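Notes to accompany the following structure.
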Amino acid sequence: MKRLYLLAAAAALIATPAFAQNTITIGFTDSVTGPLNVDSLGQTRGYEFWRDEVNAAGGIKAGGKSYKVKFVSYDDESVGGRVQQLYTRLINQDKANFLFSPYSSGLTAPAAVISEQYGKIMIDSGGAEEKPFEQGNKYLFMVITSATHYLSGAIEALKEKDPHAKLAMVYSDDPFSKDVLAAAAQQAKAAGLDVVLDESYSPSTTDFGPVVNKIISSNADAFLGGGHYSDGATLARQMHDQKANMKWMSILVAPADDKFAELGPAALGVTVPSQWEVQVSYKPQFGPTTAQFVKAYEAKFHAPPDYHAASGYTDGMILQHAIEQAGSVDPEKVTAALNAIDVTTFFGRIKFATDPGHHGLQVGHKMVLAQWQMINGKLGRQVVWPTEAQSANLLYPMPASK
Amino acid sequence: MVRRPFFWIIALVIAVFAALPAIGNNVEMRESLVLACVYITLASNLNLMLGYAGYINFGSIVFFGLGGYICVWLVYAHNWPLLPSLLAAGFGVSALALIFGLGILRLRGHFFALATIGIVEGVQAFAENFSPWGGSSGIYISPAVFKPFGGAAEALWVIYFAMVAVMGASLYLSYGIKSSKFGLGLLAIGQNEDAAAILGVPTPFYKALVYCISAFLPAITGGLYFFKSAFIQPSDAFDLTLSTEAIVICMLGGQGTVTGVALGAFLYEELRGYLLTSPTFADFQLTIAGVLLLIIVLFFPSGLMGFIYSRFPRTQKVLE
Amino acid sequence: MLGFIASIIDGVLVGLVYGLAAMGLTLIWGVMDVINLTHGAMIVAGMMLLYLLASALGLSPYLILAPSLIGGFFAGIALYWIAIHRMTGRPPLMSLLSTFAVNLVLVGVGTAVWGTALFNVEVSVPGFSLGRYTFPGPHILAAVLAAVIAVGLYFFLHHTRTGKAMRAVANNREASELVGIPTTRLLAISVGVGVALATVSGTLIGTLFPYTILSGDSYELKGFIVTVLGGFGNPIGALVGGVALGVLEGAVTPFVPVSWTLVIEFALFVIVLIAFPGGIFTRRRGGL
């Protein structure tokens, strides 16, 4: 009997290094070209960084097997019509086992239709819009905070600084931004803040001159809005050029990118709702700490990670965790594991809604508010809200244009 | 018509399209052929305006997009079944085309082309602001709509066969018009509109009629396409590049021919699919498409069919 | 009220730049009945030149107008020989397609080299304030330069030999050839001038807003509207059309949600096209 145990142990020892080398294929599209390519790049880097780390550590281990991770990805040109074509190809031709989302809500929604039609799990870090999660989808999971909560921190902070602030809301006419600002308008009303302007602009707008004049005319002292990188950055610059002199500006997405520093003085004092910043410090149950993640990422890309990179990395980490928990790559088992997840990583807490009306929606993660400030003579982002997480005090009112 | 070999060639094409992916349940091939069907339908109907009547229409995508919107909206908001929604899309868009057409068909040449660009941009901007259609976020239809077909997988096949049927109808339409008195009138307009009018071709009526007809099948295929996608948003439905691609396809294959346009559409979609997913060419696919087009325009202005006709004059009798 | 006045002034300033951006399009159109679909790409070429020279050499943006003008002229000559020369006498579709093809190549190479990232060139010129409304210095300067360039073009067309010959070719190509005007050379020069106007306007627009490789499209579309408003083939008309469009935008935005502006613009565009086929400010077709 004892010998049998020994034999089994020996067999296990021999078997361990000789884990069958299996691969799992993960497919996604990213916007290498088109208007979304700045925002998309961070997410793709996050995906790839995770893949390289997993493979260096020997792959994903589940049910006594070890799986190397292989990526297949295509350029969706930031166009929704291409996304469905390419995801169909990823599933049927490239035999992807799992899918990651493209970047942005507008592209994730059409991709999710395909992943559901073929019953493939898709982990979403690029689309925060809630509508796709209200369709009764079974295989779609979102690791980031959804659009409804993007600006709630900004409104809380603003209410504390000035309970009588008048808000101008001007935002891109895309599903994500409309979702965010619709929720923000309700939250502002509940907080007793006055919304004096509420309008959207076409995502292809290149000149915000008339819009800025309209904001000035509305006598607002706080601005909430924007959309994605190009329009948000242009809007910030023109607000500065035309001396709109808001006391408060929150712009979506664009200021969360380090490129935003190129705007120079126009960036100073702008706040951005952020899924994650290098200053946050959650205690991870597994995976790297924030400090480890930032250090390794900088060593590889020679630039600090933004929240798109962190959420992209989290996509992979959560999928890996679910596969390990399930002990299998079988989609139904992994789905069950994802439904059961409630963990804290360096990115924050992750838990998915499981009721059919919101299945897959993120309910654990919380956002922070970051502000562009001068740090040692250079522009950089500081976490300013919520107060228990802040790395610097909130600048209010923000510095005036000269 | 039934006695002509070309009638049977079209029938053969339809049969091949329907059968090829169905044998062996080849989903990947089906998806590639779906897009080929869309391109062939769009380009063939555009050809009625462009190749026959000589009017450059950048607005063919509007028919496709509006058809998609009407169909998806009826299914989503009014729980209509697919078939009546499709017919409503087809007839609704044709009626709209007639109204638009009466206005802009007074223009000629560049001016007509520009007006059609204006219509695309205007309709897209309208859809972005029109809240019953969900504005810029568009309309999602729940996967539950596929239930009557027996699930998503079966529904996709049904939609595919419907799209092949619409494509076949487009080819017969092109062929039928070309061999009719109406078609001769259109070709006369394309050659010299003033002369055609003097010779007794009712030019305003013919132009309005062909504009209206060329809207019907693209609208239905748009309805099918966006029903299949279960999702429609303005930037996809009214993408000006798809209109431009349809024009390029007509040129590539040989405007005014039935075979050439269909062949051009098929080759274009396959080439584009290859370039887009090939790691070597993905970055340069636009450049390659541009160089190819330039070579065709400069050196082979009558397209693929022109080349084939001049090399093998006999084909002219068989291939329209 | 002050807000409305500010919007109108803003409209005039931006409109002058729209006008300049459309001038090259309408010039080529008027002289040889070709719609140059590389126009948007050429505007972007002017913007990229600005970015490269301003950030690499630290040159003042306004000095870059000179290389932009010269570079654009030669690019235009090249464009003529590659895509337009063989198209004379062919149906209008052919020149549309040949310039569209070149446009694809330019945009394709541009995106392969620079991606579609946003470029921002900071320009500091003191602005002018009206109450709480500020008109940034670069906008004022760009509007003034646009007007100066338009006047310069007017003098070129009306008071130089080459300019007069260009107008003659626009009016009647066969007749010009009969009286010994070298039409081919003149057509090439016209395309050169038209493209130079596009690149210069691109360089100026680059000082106003951040831009990407794809920014040219929206100015090309605006160029069509301006051309329709101002009359085909008429550079001074283009300036008037540009201001009309700018003022329309300025006058409409205070009262209508900004997202509707485009619907109004394109509806107006189609209506004007149908009602005045030939443009509002044109006396006769083909005349410059």
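Residues in the structure tokens are numbered from 1 in each chain, the chains being A, B, ... in the order shown, and ligands are numbered from 1 in the order shown.
For range 88-92 of chain B, the list of residues within 7 Å, based on only C-alpha atoms and with local chain neighbours fewer than 5 positions off taken out, reads B:Gly67, B:Ile70, B:Cys71, B:Phe216, B:Leu217, B:Ala219, B:Ile220, B:Gly223.
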For chain C versus chain A, which residues have an atom no more than 9 Å away, and what is each residue's nearest atom pair and distance in Å rounded to one decimal, using only C-alpha atoms, chain-then-number order, as a Markdown table?
```
| residue | atom | partner | partner_atom | distance |
| --- | --- | --- | --- | --- |
| C:Leu2 | CA | A:Ser217 | CA | 8.6 |
| C:Gly3 | CA | A:Ser217 | CA | 5.8 |
| C:Phe4 | CA | A:Ser217 | CA | 8.8 |
| C:Ala6 | CA | A:Asn213 | CA | 7.5 |
| C:Ser7 | CA | A:Pro210 | CA | 6.3 |
| C:Asp10 | CA | A:Gly209 | CA | 7.3 |
| C:Gly11 | CA | A:Pro210 | CA | 8.0 |
| C:Val14 | CA | A:Gly209 | CA | 8.7 |
| C:Thr111 | CA | A:Thr33 | CA | 6.9 |
| C:Ala112 | CA | A:Thr33 | CA | 8.4 |
| C:Gly115 | CA | A:Thr33 | CA | 6.0 |
| C:Thr116 | CA | A:Gly34 | CA | 5.9 |
| C:Ala117 | CA | A:Val38 | CA | 5.9 |
| C:Leu118 | CA | A:Ser230 | CA | 6.1 |
| C:Phe119 | CA | A:Glu262 | CA | 8.8 |
| C:Asn120 | CA | A:Leu263 | CA | 7.1 |
| C:Val121 | CA | A:Leu263 | CA | 8.6 |
| C:Glu122 | CA | A:Leu263 | CA | 7.7 |
| C:Gly127 | CA | A:Gln242 | CA | 8.7 |
| C:Ser129 | CA | A:Gln242 | CA | 8.9 |
| C:Arg132 | CA | A:Ile216 | CA | 7.2 |
| C:Tyr133 | CA | A:Asn213 | CA | 6.8 |
| C:Thr134 | CA | A:Gln242 | CA | 4.8 |
| C:Phe135 | CA | A:Gln242 | CA | 6.2 |
| C:Pro136 | CA | A:Asp241 | CA | 5.8 |
| C:Gly137 | CA | A:Asp241 | CA | 8.8 |
| C:Leu208 | CA | A:Asp207 | CA | 8.6 |
| C:Phe209 | CA | A:Thr234 | CA | 6.5 |
| C:Pro210 | CA | A:Thr234 | CA | 5.8 |
| C:Tyr211 | CA | A:Thr206 | CA | 7.6 |
| C:Thr212 | CA | A:Ser230 | CA | 8.1 |
| C:Leu214 | CA | A:Gly34 | CA | 7.9 |
| C:Ser215 | CA | A:Thr206 | CA | 7.5 |
| C:Ser218 | CA | A:Ser204 | CA | 7.9 |
| C:Glu249 | CA | A:Pro210 | CA | 7.6 |
| C:Gly250 | CA | A:Pro210 | CA | 6.2 |
| C:Thr253 | CA | A:Pro210 | CA | 6.5 |
| C:Pro254 | CA | A:Lys214 | CA | 6.1 |
| C:Pro257 | CA | A:Glu199 | CA | 6.1 |
| C:Val258 | CA | A:Tyr201 | CA | 5.7 |
| C:Ser259 | CA | A:Tyr201 | CA | 4.6 |
| C:Trp260 | CA | A:Tyr201 | CA | 8.4 |
| C:Leu262 | CA | A:Ser202 | CA | 8.4 |
```
Please write the residues from the selection above to a file, keeping N, CA and C atoms, as a short mmCIF file (atom, residue, chain, number, x, y, z; two decimals), in the first residue's frame.
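Done, and the output landed in again-v5.cif:
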```
data_model
loop_
_atom_site.label_atom_id
_atom_site.label_comp_id
_atom_site.auth_asym_id
_atom_site.auth_seq_id
_atom_site.Cartn_x
_atom_site.Cartn_y
_atom_site.Cartn_z
N LEU C 2 -24.70 89.37 -26.23
CA LEU C 2 -23.25 89.41 -26.45
C LEU C 2 -22.78 88.04 -26.94
N GLY C 3 -23.39 87.01 -26.38
CA GLY C 3 -23.04 85.66 -26.78
C GLY C 3 -23.32 85.44 -28.26
N PHE C 4 -24.45 85.96 -28.73
CA PHE C 4 -24.82 85.79 -30.13
C PHE C 4 -23.82 86.52 -31.03
N ALA C 6 -20.78 87.25 -30.29
CA ALA C 6 -19.52 86.51 -30.25
C ALA C 6 -19.57 85.31 -31.19
N SER C 7 -20.71 84.62 -31.22
CA SER C 7 -20.83 83.46 -32.10
C SER C 7 -20.70 83.87 -33.56
N ASP C 10 -17.10 84.72 -34.30
CA ASP C 10 -16.42 83.44 -34.39
C ASP C 10 -16.70 82.78 -35.73
N GLY C 11 -17.96 82.86 -36.15
CA GLY C 11 -18.37 82.28 -37.42
C GLY C 11 -17.62 82.90 -38.59
N VAL C 14 -13.87 81.65 -38.45
CA VAL C 14 -13.74 80.27 -38.89
C VAL C 14 -14.12 80.15 -40.36
N THR C 111 -1.55 56.75 -42.57
CA THR C 111 -1.91 55.99 -41.37
C THR C 111 -0.86 54.95 -41.05
N ALA C 112 -0.20 54.38 -42.10
CA ALA C 112 0.84 53.40 -41.81
C ALA C 112 2.01 54.07 -41.09
N GLY C 115 -0.03 56.52 -37.85
CA GLY C 115 -1.22 56.08 -37.13
C GLY C 115 -2.28 57.17 -37.20
N THR C 116 -3.25 57.08 -36.32
CA THR C 116 -4.28 58.12 -36.35
C THR C 116 -4.29 58.89 -35.05
N ALA C 117 -3.10 59.02 -34.45
CA ALA C 117 -3.00 59.74 -33.19
C ALA C 117 -3.27 61.22 -33.41
N LEU C 118 -3.59 61.89 -32.32
CA LEU C 118 -3.89 63.32 -32.38
C LEU C 118 -2.58 64.11 -32.28
N PHE C 119 -2.41 65.09 -33.18
CA PHE C 119 -1.25 65.96 -33.10
C PHE C 119 -1.67 67.34 -32.65
N ASN C 120 -0.88 67.93 -31.79
CA ASN C 120 -1.23 69.24 -31.27
C ASN C 120 -0.02 70.16 -31.39
N VAL C 121 -0.19 71.29 -32.07
CA VAL C 121 0.89 72.28 -32.15
C VAL C 121 0.44 73.50 -31.37
N GLU C 122 1.23 73.82 -30.35
CA GLU C 122 0.85 74.97 -29.54
C GLU C 122 1.32 76.26 -30.20
N GLY C 127 -4.82 87.01 -27.96
CA GLY C 127 -6.16 87.08 -28.55
C GLY C 127 -6.86 88.38 -28.22
N SER C 129 -10.63 89.94 -26.48
CA SER C 129 -11.77 89.53 -25.67
C SER C 129 -12.94 90.49 -25.81
N ARG C 132 -16.94 88.11 -21.68
CA ARG C 132 -16.40 86.82 -21.26
C ARG C 132 -15.94 85.99 -22.44
N TYR C 133 -16.22 86.46 -23.66
CA TYR C 133 -15.90 85.66 -24.84
C TYR C 133 -14.53 86.05 -25.38
N THR C 134 -13.73 85.03 -25.70
CA THR C 134 -12.38 85.29 -26.16
C THR C 134 -12.22 84.74 -27.57
N PHE C 135 -11.59 85.54 -28.43
CA PHE C 135 -11.25 85.07 -29.76
C PHE C 135 -9.76 84.82 -29.78
N PRO C 136 -9.34 83.56 -29.80
CA PRO C 136 -7.91 83.26 -29.68
C PRO C 136 -7.11 83.90 -30.82
N GLY C 137 -5.89 84.35 -30.48
CA GLY C 137 -5.03 85.00 -31.47
C GLY C 137 -4.86 84.21 -32.75
N LEU C 208 -4.93 76.02 -35.32
CA LEU C 208 -6.15 76.31 -34.57
C LEU C 208 -6.61 75.16 -33.70
N PHE C 209 -6.58 73.94 -34.26
CA PHE C 209 -7.13 72.79 -33.55
C PHE C 209 -6.12 71.64 -33.61
N PRO C 210 -6.18 70.73 -32.62
CA PRO C 210 -5.44 69.48 -32.77
C PRO C 210 -6.03 68.70 -33.95
N TYR C 211 -5.25 67.80 -34.55
CA TYR C 211 -5.75 67.12 -35.75
C TYR C 211 -5.16 65.72 -35.85
N THR C 212 -5.79 64.90 -36.69
CA THR C 212 -5.28 63.56 -36.96
C THR C 212 -5.14 63.41 -38.48
N LEU C 214 -6.88 61.76 -40.31
CA LEU C 214 -8.19 61.67 -40.95
C LEU C 214 -8.97 62.98 -40.92
N SER C 215 -8.37 64.05 -40.35
CA SER C 215 -9.11 65.31 -40.20
C SER C 215 -9.52 65.93 -41.53
N SER C 218 -13.43 66.01 -43.05
CA SER C 218 -14.49 66.94 -42.67
C SER C 218 -14.31 68.28 -43.38
N GLU C 249 -23.22 78.53 -39.02
CA GLU C 249 -22.91 77.71 -37.85
C GLU C 249 -22.98 78.53 -36.57
N GLY C 250 -22.38 79.73 -36.64
CA GLY C 250 -22.35 80.60 -35.46
C GLY C 250 -23.75 81.03 -35.06
N THR C 253 -25.92 77.72 -33.67
CA THR C 253 -25.58 77.00 -32.43
C THR C 253 -26.21 77.57 -31.16
N PRO C 254 -26.34 78.88 -30.97
CA PRO C 254 -26.94 79.29 -29.70
C PRO C 254 -28.38 78.81 -29.53
N PRO C 257 -29.57 72.49 -30.56
CA PRO C 257 -28.52 71.59 -30.04
C PRO C 257 -27.43 71.40 -31.10
N VAL C 258 -26.18 71.44 -30.66
CA VAL C 258 -25.08 71.43 -31.63
C VAL C 258 -25.10 70.21 -32.55
N SER C 259 -25.65 69.10 -32.06
CA SER C 259 -25.61 67.90 -32.90
C SER C 259 -26.53 68.03 -34.12
N TRP C 260 -27.46 68.98 -34.09
CA TRP C 260 -28.34 69.17 -35.24
C TRP C 260 -27.71 70.03 -36.32
N LEU C 262 -25.16 69.71 -38.18
CA LEU C 262 -24.80 69.00 -39.41
C LEU C 262 -26.03 68.70 -40.26
#
```
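The smallest atom-to-atom distance between chain B and any of C:Ala267, C:Leu153, C:Val148, C:Ala142, using only C-alpha atoms, is found for C:Ala267.
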- Could you list, as a ChimeraX atom specification, the residues of chain B having an atom within 6 Å of chain C when counting only C-alpha atoms? /B:115,118,122,125-126,283,286-287,290,293-294
- Message: Restricting the calculation to only C-alpha atoms: of B:Asp194, B:Glu154, B:Asp236, B:Glu270, which residue gets closest to chain A?
- Response: B:Asp236
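Around Val44 in chain C, within 7 Å and counting only C-alpha atoms, the residues found are C:Gly202, C:Ile213, C:Ser215, C:Gly216, once anything fewer than 5 positions away on its own chain is removed.
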- Task: Can you pull out every residue within 9 Å of Phe17 in chain B, counting only C-alpha atoms, but drop anything in the same chain fewer than 6 positions away, and send it as a VMD selection string?
- Result: chain B and resid 30 33 37 161 164
Per residue of range 188-261 of chain C within 10 Å of range 51-55 of chain C, note the shortest atom pair and the distance in Å to one decimal, counting only C-alpha atoms, and order the rows by chain and increasing residue number, as a Markdown table.
```
| residue | atom | partner | partner_atom | distance |
| --- | --- | --- | --- | --- |
| C:Thr203 | CA | C:Tyr51 | CA | 8.7 |
| C:Gly206 | CA | C:Tyr51 | CA | 8.0 |
| C:Thr207 | CA | C:Tyr51 | CA | 9.4 |
| C:Tyr211 | CA | C:Tyr51 | CA | 9.9 |
```
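With only C-alpha atoms as the basis for measurement, B:Gly273 is the residue among B:Gly185, B:Pro301, B:Gly273, B:Gly256 that approaches chain A most closely.
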Residues of chain B no more than 10 Å from chain A, counting only C-alpha atoms: send them over as a compact mmCIF listing (two decimals) with N, CA and C atoms, in the first residue's frame.
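Wrote it out as selection-v7.txt, contents follow:
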```txt
# COMPACT_ATOMS: atom_id res chain seq x y z
N ASN B 26 -20.20 24.73 -43.45
CA ASN B 26 -19.01 25.57 -43.36
C ASN B 26 -19.38 27.03 -43.02
N VAL B 27 -19.37 27.32 -41.70
CA VAL B 27 -19.81 28.63 -41.23
C VAL B 27 -18.87 29.75 -41.68
N GLU B 28 -17.57 29.46 -41.65
CA GLU B 28 -16.60 30.49 -42.03
C GLU B 28 -16.83 30.93 -43.48
N MET B 29 -17.03 29.95 -44.38
CA MET B 29 -17.26 30.30 -45.77
C MET B 29 -18.57 31.08 -45.91
N GLU B 31 -19.94 33.10 -43.82
CA GLU B 31 -19.80 34.49 -43.38
C GLU B 31 -19.09 35.32 -44.44
N SER B 32 -18.12 34.71 -45.09
CA SER B 32 -17.43 35.44 -46.14
C SER B 32 -18.37 35.69 -47.32
N VAL B 34 -21.62 35.93 -47.15
CA VAL B 34 -22.64 36.91 -46.77
C VAL B 34 -22.22 38.29 -47.27
N LEU B 35 -20.96 38.63 -46.98
CA LEU B 35 -20.48 39.94 -47.39
C LEU B 35 -20.41 40.05 -48.91
N ALA B 125 -26.57 62.16 -40.04
CA ALA B 125 -26.69 63.12 -38.94
C ALA B 125 -28.11 63.07 -38.36
N GLU B 128 -28.51 60.05 -36.16
CA GLU B 128 -27.80 60.21 -34.89
C GLU B 128 -28.64 61.00 -33.89
N ASN B 129 -29.56 61.79 -34.39
CA ASN B 129 -30.35 62.63 -33.50
C ASN B 129 -31.77 62.13 -33.28
N GLY B 134 -32.99 55.28 -31.39
CA GLY B 134 -31.90 55.14 -30.44
C GLY B 134 -30.75 56.11 -30.64
N GLY B 135 -30.93 57.13 -31.50
CA GLY B 135 -29.87 58.11 -31.72
C GLY B 135 -28.58 57.43 -32.11
N SER B 136 -27.46 57.94 -31.57
CA SER B 136 -26.18 57.40 -32.00
C SER B 136 -25.90 56.03 -31.41
N SER B 137 -26.61 55.64 -30.33
CA SER B 137 -26.31 54.30 -29.82
C SER B 137 -27.03 53.22 -30.61
N GLY B 138 -27.98 53.62 -31.45
CA GLY B 138 -28.61 52.65 -32.33
C GLY B 138 -29.59 51.74 -31.61
N ILE B 139 -29.92 50.65 -32.27
CA ILE B 139 -30.91 49.71 -31.73
C ILE B 139 -30.27 48.33 -31.58
N TYR B 140 -30.48 47.72 -30.42
CA TYR B 140 -30.10 46.32 -30.24
C TYR B 140 -31.36 45.49 -30.28
N ILE B 141 -31.33 44.36 -30.94
CA ILE B 141 -32.46 43.46 -30.76
C ILE B 141 -31.99 42.25 -29.96
N SER B 142 -32.86 41.82 -29.07
CA SER B 142 -32.48 40.75 -28.15
C SER B 142 -32.30 39.45 -28.93
N PRO B 143 -31.37 38.60 -28.48
CA PRO B 143 -31.16 37.32 -29.16
C PRO B 143 -32.45 36.50 -29.23
N ALA B 144 -33.44 36.87 -28.42
CA ALA B 144 -34.70 36.12 -28.40
C ALA B 144 -35.42 36.15 -29.76
N PHE B 146 -34.35 35.40 -32.49
CA PHE B 146 -33.95 34.28 -33.34
C PHE B 146 -34.71 33.00 -32.98
N GLY B 151 -33.33 29.11 -32.94
CA GLY B 151 -32.05 29.47 -32.33
C GLY B 151 -31.18 30.26 -33.28
N ALA B 152 -30.12 30.87 -32.72
CA ALA B 152 -29.26 31.76 -33.51
C ALA B 152 -28.60 31.02 -34.67
N ALA B 153 -28.10 29.81 -34.39
CA ALA B 153 -27.35 29.09 -35.42
C ALA B 153 -28.22 28.83 -36.65
N ALA B 155 -31.04 30.46 -37.42
CA ALA B 155 -31.46 31.74 -37.98
C ALA B 155 -30.42 32.27 -38.96
N LEU B 156 -29.15 32.10 -38.60
CA LEU B 156 -28.09 32.62 -39.48
C LEU B 156 -28.12 31.95 -40.84
N PHE B 226 -28.71 43.76 -41.07
CA PHE B 226 -28.72 44.31 -39.71
C PHE B 226 -29.56 43.45 -38.76
N LYS B 228 -29.45 40.25 -38.94
CA LYS B 228 -28.44 39.24 -38.62
C LYS B 228 -27.47 39.77 -37.57
N SER B 229 -27.06 41.05 -37.73
CA SER B 229 -26.14 41.63 -36.76
C SER B 229 -26.80 41.84 -35.41
N ALA B 230 -28.14 41.90 -35.39
CA ALA B 230 -28.91 42.18 -34.17
C ALA B 230 -28.56 43.54 -33.59
N PHE B 231 -28.02 44.39 -34.40
CA PHE B 231 -27.52 45.67 -33.89
C PHE B 231 -27.35 46.63 -35.06
N ILE B 232 -27.82 47.85 -34.89
CA ILE B 232 -27.61 48.84 -35.96
C ILE B 232 -27.28 50.18 -35.33
N GLN B 233 -26.27 50.85 -35.85
CA GLN B 233 -25.96 52.21 -35.39
C GLN B 233 -25.62 53.06 -36.60
N SER B 235 -23.28 55.06 -37.63
CA SER B 235 -21.97 55.10 -38.28
C SER B 235 -21.74 53.85 -39.15
N ASP B 236 -22.39 52.74 -38.82
CA ASP B 236 -22.26 51.55 -39.66
C ASP B 236 -23.27 51.56 -40.80
N ALA B 237 -24.48 52.04 -40.49
CA ALA B 237 -25.55 51.97 -41.47
C ALA B 237 -25.32 52.94 -42.63
N ASP B 239 -22.26 54.36 -43.72
CA ASP B 239 -20.82 54.54 -43.91
C ASP B 239 -20.54 54.88 -45.38
N GLY B 273 -10.95 41.07 -47.68
CA GLY B 273 -10.89 40.19 -46.53
C GLY B 273 -9.48 39.64 -46.33
N LEU B 276 -7.10 42.57 -45.12
CA LEU B 276 -7.40 43.02 -43.77
C LEU B 276 -6.84 42.07 -42.72
N THR B 277 -6.81 40.78 -43.03
CA THR B 277 -6.39 39.83 -42.01
C THR B 277 -4.98 39.31 -42.25
N SER B 278 -4.35 39.78 -43.33
CA SER B 278 -2.99 39.31 -43.56
C SER B 278 -2.02 40.17 -42.77
N PRO B 279 -1.16 39.53 -41.97
CA PRO B 279 -0.26 40.33 -41.13
C PRO B 279 0.67 41.23 -41.94
N ALA B 282 -1.87 44.15 -43.66
CA ALA B 282 -2.91 44.84 -42.91
C ALA B 282 -2.67 46.35 -42.84
N ASP B 283 -1.40 46.75 -42.66
CA ASP B 283 -1.10 48.17 -42.53
C ASP B 283 -1.22 48.90 -43.86
```
12 Å contact set for Ser60 in chain B, only C-alpha atoms, chain neighbours under 2 positions out, as a tab-separated table (two decimals) with C-alpha atoms, in the first residue's frame:
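That gives us around_24.tsv:
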```tsv
chain	number	residue	atom	x	y	z
B	39	TYR	CA	-21.52	43.70	-52.15
B	41	THR	CA	-26.51	43.28	-54.34
B	42	LEU	CA	-25.34	46.83	-53.67
B	43	ALA	CA	-23.10	47.01	-56.72
B	44	SER	CA	-25.64	45.46	-59.12
B	45	ASN	CA	-28.33	47.90	-58.09
B	46	LEU	CA	-25.93	50.82	-58.16
B	47	ASN	CA	-25.02	49.67	-61.64
B	48	LEU	CA	-28.58	50.40	-62.78
B	49	MET	CA	-27.93	54.08	-62.01
B	50	LEU	CA	-24.22	54.25	-62.74
B	55	TYR	CA	-25.52	58.85	-62.89
B	56	ILE	CA	-22.87	58.72	-60.14
B	57	ASN	CA	-24.74	57.86	-56.97
B	58	PHE	CA	-22.72	58.09	-53.75
B	62	VAL	CA	-28.59	55.25	-47.72
B	63	PHE	CA	-30.94	52.63	-49.18
B	64	PHE	CA	-29.05	49.88	-47.38
B	65	GLY	CA	-28.91	51.74	-44.05
B	66	LEU	CA	-32.48	53.00	-44.08
B	67	GLY	CA	-33.72	49.55	-45.03
B	93	VAL	CA	-37.21	53.03	-48.92
B	94	SER	CA	-38.30	52.87	-52.56
B	97	ALA	CA	-36.10	57.25	-53.07
B	113	ALA	CA	-22.87	63.13	-57.27
B	116	THR	CA	-26.00	62.29	-53.10
B	117	ILE	CA	-23.02	62.79	-50.77
B	119	ILE	CA	-27.93	63.05	-48.62
B	120	VAL	CA	-25.70	60.41	-47.02
B	211	TYR	CA	-33.63	55.42	-58.92
B	212	CYS	CA	-36.67	54.03	-57.15
B	213	ILE	CA	-36.09	50.46	-58.36
B	214	SER	CA	-32.41	50.56	-57.45
B	215	ALA	CA	-33.44	51.26	-53.84
B	216	PHE	CA	-35.67	48.22	-53.32
B	217	LEU	CA	-33.31	45.24	-53.10
B	218	PRO	CA	-30.49	47.08	-51.27
B	219	ALA	CA	-33.05	48.07	-48.63
B	222	GLY	CA	-29.86	45.98	-45.46
B	237	ALA	CA	-25.55	51.97	-41.47
B	238	PHE	CA	-24.53	55.09	-43.40
B	239	ASP	CA	-20.82	54.54	-43.91
B	240	LEU	CA	-19.89	56.57	-46.98
B	241	THR	CA	-16.95	54.25	-47.68
B	242	LEU	CA	-19.32	51.39	-48.52
B	243	SER	CA	-20.95	53.59	-51.19
B	244	THR	CA	-17.57	54.45	-52.59
B	245	GLU	CA	-16.61	50.79	-52.56
B	246	ALA	CA	-19.73	49.95	-54.54
B	247	ILE	CA	-18.68	52.48	-57.19
```
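The neighbours of Leu184 in chain B here are the residues that come within 12 Å of it, using only C-alpha atoms and leaving out any residue fewer than 2 positions away in the same chain; they are Leu48, Tyr52, Ala53, Tyr175, Gly176, Ile177, Lys178, Ser179, Ser180, Lys181, Phe182, Leu186, Leu187, Ala188, Ile189, Gly190, Gln191, Ala196, Val201, Pro202, Thr203, Tyr206 and Gly256 of chain B.
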- Task: Give the helix (DSSP H, G or I) residues of range 55-92 of chain B, as assigned by DSSP on the backbone, as a ChimeraX atom specification.
- Result: /B:60-78,82-92
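Distance check against Ile10 in chain B using only C-alpha atoms: of B:Ala265, B:Ala208, B:Val38, B:Ala169, the minimum falls on B:Ala169.
When CA of Pro21 in chain B is paired with CA of Ala262 in chain B, their separation reads 18.7 Å.
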- Message: With only C-alpha atoms as the counted atoms, please give the residues lying no more than 10 Å from Val329 in chain A, apart from itself and same-chain residues fewer than 6 positions off, as a PyMOL selection string.
- Response: chain A and resi 24+62-63+67+97-98+320+322-323+335
- Task: Within range 89-249 of chain A, find each residue whose DSSP state, derived from the backbone, is strand (DSSP E), and express the selection as a ChimeraX atom specification.
- Result: /A:98-100,122-124,140-142,166-172,194-201,222-226,248-249
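Remark: for His110 in chain B, the closest of the candidate residues C:Thr88, C:Thr183, C:Asn36, C:Ser68 is C:Asn36 (distances computed over only C-alpha atoms).
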- Item | Separation of CA of Tyr396 in chain A from CA of Lys247 in chain A in Å | 6.6 Å
